[in-house]
$ cat query.cif   # mmCIF, C-alpha atoms
data_run
#
loop_
_atom_site.group_PDB
_atom_site.id
_atom_site.type_symbol
_atom_site.label_atom_id
_atom_site.label_comp_id
_atom_site.auth_asym_id
_atom_site.auth_seq_id
_atom_site.Cartn_x
_atom_site.Cartn_y
_atom_site.Cartn_z
ATOM 1 C CA MET A 1275 127.843 -13.899 284.306
ATOM 2 C CA ALA A 1276 124.648 -11.930 284.893
ATOM 3 C CA TYR A 1277 122.717 -10.292 282.083
ATOM 4 C CA PRO A 1278 124.180 -6.783 281.556
ATOM 5 C CA LYS A 1279 122.035 -4.052 283.142
ATOM 6 C CA ARG A 1280 123.010 -1.677 280.344
ATOM 7 C CA LEU A 1281 120.898 -3.802 277.958
ATOM 8 C CA LEU A 1282 117.726 -3.360 280.016
ATOM 9 C CA ASN A 1283 115.115 -0.695 279.363
ATOM 10 C CA ASP A 1284 114.280 1.940 281.968
ATOM 11 C CA PHE A 1285 112.267 0.429 284.847
ATOM 12 C CA GLU A 1286 112.713 -3.087 283.445
ATOM 13 C CA THR A 1287 113.527 -5.711 286.059
ATOM 14 C CA VAL A 1288 115.048 -9.172 285.649
ATOM 15 C CA LYS A 1289 112.898 -12.022 286.943
ATOM 16 C CA VAL A 1290 115.066 -14.946 285.772
ATOM 17 C CA ASP A 1291 118.615 -15.077 284.412
ATOM 18 C CA LEU A 1292 119.761 -18.588 283.442
ATOM 19 C CA HIS A 1293 122.569 -20.347 281.670
ATOM 20 C CA PRO A 1294 121.824 -23.710 280.058
ATOM 21 C CA HIS A 1295 121.416 -26.680 282.401
ATOM 22 C CA TRP A 1296 124.678 -28.307 283.537
ATOM 23 C CA SER A 1297 123.811 -31.373 281.428
ATOM 24 C CA TYR A 1298 124.858 -29.204 278.447
ATOM 25 C CA LEU A 1299 128.444 -29.953 279.575
ATOM 26 C CA ALA A 1300 127.899 -33.668 280.293
ATOM 27 C CA GLY A 1301 128.929 -35.040 276.873
ATOM 28 C CA PRO A 1302 132.286 -33.296 276.551
ATOM 29 C CA GLY A 1303 132.930 -33.689 280.297
ATOM 30 C CA SER A 1304 132.394 -37.449 280.108
ATOM 31 C CA ALA A 1305 134.533 -37.750 276.984
ATOM 32 C CA THR A 1306 137.366 -35.790 278.611
ATOM 33 C CA THR A 1307 137.193 -37.979 281.721
ATOM 34 C CA ALA A 1308 137.325 -41.150 279.597
ATOM 35 C CA ALA A 1309 140.256 -39.789 277.562
ATOM 36 C CA LEU A 1310 142.076 -38.905 280.788
ATOM 37 C CA ALA A 1311 141.538 -42.427 282.135
ATOM 38 C CA LEU A 1312 142.802 -43.948 278.866
ATOM 39 C CA THR A 1313 145.852 -41.670 278.909
ATOM 40 C CA ILE A 1314 146.712 -42.531 282.515
ATOM 41 C CA TYR A 1315 146.365 -46.232 281.752
ATOM 42 C CA ALA A 1316 148.490 -45.923 278.585
ATOM 43 C CA LEU A 1317 151.238 -44.100 280.467
ATOM 44 C CA THR A 1318 151.622 -47.095 282.797
ATOM 45 C CA LEU A 1319 152.336 -49.439 279.871
ATOM 46 C CA GLY A 1320 155.717 -50.434 278.501
ATOM 47 C CA HIS A 1321 157.683 -49.109 275.536
ATOM 48 C CA THR A 1322 156.591 -51.412 272.726
ATOM 49 C CA TRP A 1323 155.136 -50.002 269.517
ATOM 50 C CA PRO A 1324 151.467 -50.746 270.448
ATOM 51 C CA ASP A 1325 152.015 -49.231 273.923
ATOM 52 C CA ARG A 1326 153.493 -46.047 272.474
ATOM 53 C CA PHE A 1327 150.685 -45.843 269.942
ATOM 54 C CA LEU A 1328 148.134 -46.108 272.771
ATOM 55 C CA LYS A 1329 149.966 -43.355 274.692
ATOM 56 C CA TYR A 1330 149.866 -41.002 271.702
ATOM 57 C CA LEU A 1331 146.264 -41.901 270.976
ATOM 58 C CA GLY A 1332 145.311 -41.219 274.593
ATOM 59 C CA LEU A 1333 147.111 -37.871 274.600
ATOM 60 C CA ALA A 1334 145.536 -36.865 271.282
ATOM 61 C CA LEU A 1335 142.062 -37.812 272.522
ATOM 62 C CA LEU A 1336 142.685 -35.938 275.760
ATOM 63 C CA VAL A 1337 143.652 -32.754 273.896
ATOM 64 C CA ILE A 1338 140.700 -33.021 271.486
ATOM 65 C CA THR A 1339 138.120 -33.659 274.214
ATOM 66 C CA ALA A 1340 139.598 -30.948 276.463
ATOM 67 C CA VAL A 1341 139.302 -28.421 273.615
ATOM 68 C CA TRP A 1342 135.699 -29.612 273.049
ATOM 69 C CA LEU A 1343 134.943 -29.181 276.768
ATOM 70 C CA LEU A 1344 136.553 -25.733 276.876
ATOM 71 C CA GLY A 1345 134.616 -24.606 273.796
ATOM 72 C CA ARG A 1346 131.340 -25.916 275.201
ATOM 73 C CA TYR A 1347 132.055 -24.242 278.546
ATOM 74 C CA CYS A 1348 132.737 -20.889 276.833
ATOM 75 C CA ARG A 1349 129.456 -21.246 274.964
ATOM 76 C CA TRP A 1350 127.648 -22.200 278.205
ATOM 77 C CA VAL A 1351 128.987 -19.120 280.016
ATOM 78 C CA THR A 1352 127.975 -16.771 277.207
ATOM 79 C CA THR A 1353 124.452 -18.165 276.742
ATOM 80 C CA SER A 1354 121.681 -16.427 278.667
ATOM 81 C CA PHE A 1355 117.948 -17.073 278.908
ATOM 82 C CA VAL A 1356 116.428 -14.056 280.655
ATOM 83 C CA ILE A 1357 112.881 -13.183 281.615
ATOM 84 C CA THR A 1358 112.270 -9.557 282.492
ATOM 85 C CA SER A 1359 109.189 -7.565 283.362
ATOM 86 C CA ASP A 1360 108.856 -6.674 279.624
ATOM 87 C CA ARG A 1361 110.302 -9.470 277.500
ATOM 88 C CA VAL A 1362 111.941 -12.859 277.100
ATOM 89 C CA ILE A 1363 115.565 -12.581 275.970
ATOM 90 C CA PHE A 1364 117.893 -15.270 274.646
ATOM 91 C CA ARG A 1365 121.517 -14.434 273.837
ATOM 92 C CA GLU A 1366 124.340 -16.737 272.841
ATOM 93 C CA GLY A 1367 127.744 -16.620 271.278
ATOM 94 C CA VAL A 1368 131.391 -16.354 272.209
ATOM 95 C CA LEU A 1369 132.851 -14.243 269.415
ATOM 96 C CA ARG A 1370 129.653 -13.561 267.505
ATOM 97 C CA LYS A 1371 126.442 -12.784 269.380
ATOM 98 C CA ASP A 1372 122.984 -13.949 268.363
ATOM 99 C CA GLY A 1373 119.881 -12.890 270.219
ATOM 100 C CA ILE A 1374 116.131 -13.207 270.333
ATOM 101 C CA GLN A 1375 113.833 -10.821 272.158
ATOM 102 C CA ILE A 1376 110.138 -11.577 272.520
ATOM 103 C CA PRO A 1377 107.959 -8.875 274.097
ATOM 104 C CA LEU A 1378 105.648 -10.345 276.733
ATOM 105 C CA GLU A 1379 102.595 -8.750 275.146
ATOM 106 C CA ARG A 1380 103.261 -10.754 271.968
ATOM 107 C CA LEU A 1381 103.356 -14.160 273.654
ATOM 108 C CA ASN A 1382 100.594 -16.498 272.528
ATOM 109 C CA ASN A 1383 101.595 -19.797 274.076
ATOM 110 C CA VAL A 1384 104.389 -21.312 276.176
ATOM 111 C CA ASN A 1385 104.946 -25.086 276.198
ATOM 112 C CA PHE A 1386 107.634 -27.259 277.725
ATOM 113 C CA SER A 1387 108.787 -30.816 277.128
ATOM 114 C CA GLN A 1388 110.978 -33.155 279.155
ATOM 115 C CA SER A 1389 112.100 -36.710 278.620
ATOM 116 C CA ILE A 1390 112.241 -39.015 281.632
ATOM 117 C CA LEU A 1391 115.973 -38.375 282.043
ATOM 118 C CA GLU A 1392 115.450 -34.613 281.722
ATOM 119 C CA ARG A 1393 112.745 -34.761 284.414
ATOM 120 C CA ILE A 1394 115.188 -36.509 286.740
ATOM 121 C CA LEU A 1395 117.913 -33.950 285.986
ATOM 122 C CA GLY A 1396 115.594 -30.923 286.088
ATOM 123 C CA ALA A 1397 116.142 -29.873 282.465
ATOM 124 C CA GLY A 1398 114.023 -29.599 279.346
ATOM 125 C CA ASP A 1399 112.924 -27.553 276.371
ATOM 126 C CA LEU A 1400 110.645 -24.531 276.060
ATOM 127 C CA LEU A 1401 108.584 -23.732 272.987
ATOM 128 C CA ILE A 1402 107.407 -20.123 272.946
ATOM 129 C CA GLU A 1403 104.853 -19.099 270.337
ATOM 130 C CA SER A 1404 104.493 -15.417 269.629
ATOM 131 C CA GLY A 1405 102.880 -13.007 267.234
ATOM 132 C CA GLY A 1406 106.272 -12.177 265.759
ATOM 133 C CA GLU A 1407 107.682 -12.924 262.325
ATOM 134 C CA ASP A 1408 109.248 -16.248 263.330
ATOM 135 C CA GLY A 1409 106.087 -17.531 265.023
ATOM 136 C CA HIS A 1410 107.773 -19.797 267.542
ATOM 137 C CA GLN A 1411 111.132 -20.380 269.183
ATOM 138 C CA ARG A 1412 112.499 -23.521 270.816
ATOM 139 C CA PHE A 1413 114.928 -23.100 273.690
ATOM 140 C CA THR A 1414 116.824 -26.221 274.774
ATOM 141 C CA ASP A 1415 118.614 -27.193 277.987
ATOM 142 C CA ILE A 1416 116.485 -24.904 280.171
ATOM 143 C CA LYS A 1417 116.628 -25.486 283.938
ATOM 144 C CA HIS A 1418 113.222 -26.513 285.336
ATOM 145 C CA PRO A 1419 111.164 -25.553 282.270
ATOM 146 C CA ASP A 1420 107.889 -26.174 284.121
ATOM 147 C CA ARG A 1421 108.786 -23.489 286.664
ATOM 148 C CA ILE A 1422 110.010 -21.145 283.940
ATOM 149 C CA THR A 1423 106.659 -21.538 282.165
ATOM 150 C CA ASN A 1424 104.896 -20.385 285.331
ATOM 151 C CA ILE A 1425 107.263 -17.429 285.741
ATOM 152 C CA ILE A 1426 106.593 -16.341 282.143
ATOM 153 C CA HIS A 1427 102.825 -16.541 282.716
ATOM 154 C CA GLU A 1428 103.172 -14.513 285.939
ATOM 155 C CA ALA A 1429 105.219 -11.881 284.081
ATOM 156 C CA VAL A 1430 102.595 -11.661 281.317
ATOM 157 C CA ILE A 1431 99.800 -11.244 283.877
ATOM 158 C CA GLY A 1432 101.848 -8.617 285.739
ATOM 159 C CA LEU A 1433 102.406 -6.699 282.507
ATOM 160 C CA GLN A 1434 98.692 -6.891 281.631
ATOM 161 C CA LEU A 1435 97.724 -5.605 285.074
ATOM 162 C CA MET A 1436 100.227 -2.768 284.832
ATOM 163 C CA LEU A 1437 98.962 -1.770 281.371
ATOM 164 C CA LYS A 1438 95.358 -1.975 282.578
ATOM 165 C CA HIS A 1439 96.242 0.242 285.545
ATOM 166 C CA TYR A 1440 97.760 2.896 283.254
ATOM 167 C CA ASP A 1441 94.776 2.715 280.866
ATOM 168 C CA THR A 1442 92.317 3.451 283.712
ATOM 169 C CA ARG A 1443 94.373 6.438 284.885
ATOM 170 C CA GLU A 1444 93.838 8.323 281.607
#

$ encode --input "query.cif" --output "C-alpha cells"
Amino acid sequence: MAYPKRLLNDFETVKVDLHPHWSYLAGPGSATTAALALTIYALTLGHTWPDRFLKYLGLALLVITAVWLLGRYCRWVTTSFVITSDRVIFREGVLRKDGIQIPLERLNNVNFSQSILERILGAGDLLIESGGEDGHQRFTDIKHPDRITNIIHEAVIGLQLMLKHYDTRE
C-alpha cells in the first residue's frame, strides 16, 4: 500500500516508499511451515494416545504460528518508511498509528549498519540523527540501507539547492 497522497504537503514528492524487508516475515513464516510439517506428519500416525496428542499439539502450533504470521503480515503492510522532497516519514500500526517525521533540513547525520547475513539479504538498520527533541531514531529492517542513505543525502542536497535558489531570488 503506497503512502497516502493526502498526507503530503503541497508540491512535496515521494522519492522512496518502503515496507520493511521481507526478512521481517521470516521468523513467523518459518515457524508456520515447521508447524504445518509437524501437523501433516502427525495426521499420518495411528490412533494411540501419544499419536493423538501429537496431532492436537501440531494443530495448536499451526494455529498459533499462523496467527503470529498473520499479525506480523498486517504490521508489515501497515509500516511505511518514506523519503520525500521535504522529510523522512515513518508510520506503523494496524489499529493504532505511530509516526515519526523528520524534516530534511534538521538532519545531522545518517548511518547504516548491516550484519553479514543482512548484507547477503539486502537488509539493515538506519540511524538518523537530527536536531529534533529525540536526537536520533533507529529504523530496522530497511531494504538496502546503504542506497537509502544515499537517497536521503541527495534529497537533503536538493532541498538545500532549492532553498538557496529561492534566497537568491529575493

$ residues_around --input "query.cif" --residues "region 1413-1427 of chain A" --least-positions-apart "3" --cutoff "8 Å" --atoms "only C-alpha atoms" --output "list in words"
Lys1289, Leu1292, His1293, Pro1294, His1295, Ser1297, Tyr1298, Ile1357, Val1384, Asn1385, Phe1386, Ser1387, Gly1396, Ala1397, Gly1398, Asp1399, Leu1400, Leu1401, Val1430 and Ile1431 of chain A

$ closest_residue --input "query.cif" --among "A:Val1351, A:Ile1374, A:Val1337, A:Ala1311" --to "Gln1411 (chain A)" --atoms "all atoms listed in the file"
A:Ile1374

$ residues_around --input "query.cif" --residues "region 1320-1329 of chain A" --least-positions-apart "6" --cutoff "12 Å" --atoms "all atoms listed in the file" --output "mmCIF file with C-alpha atoms, in the frame of the given file"
data_model
loop_
_atom_site.group_PDB
_atom_site.id
_atom_site.type_symbol
_atom_site.label_atom_id
_atom_site.label_comp_id
_atom_site.auth_asym_id
_atom_site.auth_seq_id
_atom_site.Cartn_x
_atom_site.Cartn_y
_atom_site.Cartn_z
ATOM 1 C CA ALA A 1309 140.256 -39.789 277.562
ATOM 2 C CA LEU A 1310 142.076 -38.905 280.788
ATOM 3 C CA ALA A 1311 141.538 -42.427 282.135
ATOM 4 C CA LEU A 1312 142.802 -43.948 278.866
ATOM 5 C CA THR A 1313 145.852 -41.670 278.909
ATOM 6 C CA ILE A 1314 146.712 -42.531 282.515
ATOM 7 C CA LEU A 1335 142.062 -37.812 272.522
ATOM 8 C CA LEU A 1336 142.685 -35.938 275.760
#

$ resolve_selection --input "query.cif" --expression "the PyMOL selection byres ((chain A and resi 1350) around 10)" --output "list in words"
His1293, Pro1294, His1295, Trp1296, Tyr1298, Leu1299, Leu1344, Gly1345, Arg1346, Tyr1347, Cys1348, Arg1349, Val1351, Thr1352, Thr1353, Ser1354, Glu1366, Gly1367 and Val1368 of chain A

$ write_last_selection --input "query.cif" --atoms "C-alpha atoms" --output "PDB file, in the coordinates of the input"
ATOM      1  CA  HIS A1293     122.569 -20.347 281.670  1.00  0.00           C
ATOM      2  CA  PRO A1294     121.824 -23.710 280.058  1.00  0.00           C
ATOM      3  CA  HIS A1295     121.416 -26.680 282.401  1.00  0.00           C
ATOM      4  CA  TRP A1296     124.678 -28.307 283.537  1.00  0.00           C
ATOM      5  CA  TYR A1298     124.858 -29.204 278.447  1.00  0.00           C
ATOM      6  CA  LEU A1299     128.444 -29.953 279.575  1.00  0.00           C
ATOM      7  CA  LEU A1344     136.553 -25.733 276.876  1.00  0.00           C
ATOM      8  CA  GLY A1345     134.616 -24.606 273.796  1.00  0.00           C
ATOM      9  CA  ARG A1346     131.340 -25.916 275.201  1.00  0.00           C
ATOM     10  CA  TYR A1347     132.055 -24.242 278.546  1.00  0.00           C
ATOM     11  CA  CYS A1348     132.737 -20.889 276.833  1.00  0.00           C
ATOM     12  CA  ARG A1349     129.456 -21.246 274.964  1.00  0.00           C
ATOM     13  CA  VAL A1351     128.987 -19.120 280.016  1.00  0.00           C
ATOM     14  CA  THR A1352     127.975 -16.771 277.207  1.00  0.00           C
ATOM     15  CA  THR A1353     124.452 -18.165 276.742  1.00  0.00           C
ATOM     16  CA  SER A1354     121.681 -16.427 278.667  1.00  0.00           C
ATOM     17  CA  GLU A1366     124.340 -16.737 272.841  1.00  0.00           C
ATOM     18  CA  GLY A1367     127.744 -16.620 271.278  1.00  0.00           C
ATOM     19  CA  VAL A1368     131.391 -16.354 272.209  1.00  0.00           C
TER      20      VAL A1368
END

$ residues_around --input "query.cif" --residues "Gly1432 (chain A)" --least-positions-apart "6" --cutoff "12 Å" --atoms "all atoms listed in the file" --output "CSV table (one decimal) with C-alpha atoms, keeping the file's coordinate frame"
chain,number,residue,atom,x,y,z
A,1289,LYS,CA,112.9,-12.0,286.9
A,1358,THR,CA,112.3,-9.6,282.5
A,1359,SER,CA,109.2,-7.6,283.4
A,1360,ASP,CA,108.9,-6.7,279.6
A,1361,ARG,CA,110.3,-9.5,277.5
A,1378,LEU,CA,105.6,-10.3,276.7
A,1379,GLU,CA,102.6,-8.8,275.1
A,1425,ILE,CA,107.3,-17.4,285.7
A,1426,ILE,CA,106.6,-16.3,282.1
A,1438,LYS,CA,95.4,-2.0,282.6
A,1439,HIS,CA,96.2,0.2,285.5

$ atom_distance --input "query.cif" --atom1 "CA of Ile1376 (chain A)" --atom2 "CA of Val1362 (chain A)"
5.1 Å

$ atom_distance --input "query.cif" --atom1 "CA of Leu1281 (chain A)" --atom2 "CA of Ile1363 (chain A)"
10.5 Å

$ atom_distance --input "query.cif" --atom1 "CA of Glu1428 (chain A)" --atom2 "CA of Asn1283 (chain A)"
19.4 Å

$ residues_near_point --input "query.cif" --point "(106.6, -19.0, 271.0)" --cutoff "7 Å" --atoms "all atoms listed in the file" --output "MDAnalysis selection string"
chainID A and resid 1381:1384 1401:1404 1409:1411

$ closest_residue --input "query.cif" --among "A:Met1436, A:Val1356, A:Trp1342, A:Gly1405" --to "Ser1304 (chain A)" --atoms "only C-alpha atoms"
A:Trp1342

$ closest_residue --input "query.cif" --among "A:Leu1282, A:Leu1343, A:Ala1276, A:Thr1306" --to "Gln1375 (chain A)" --atoms "all atoms listed in the file"
A:Leu1282
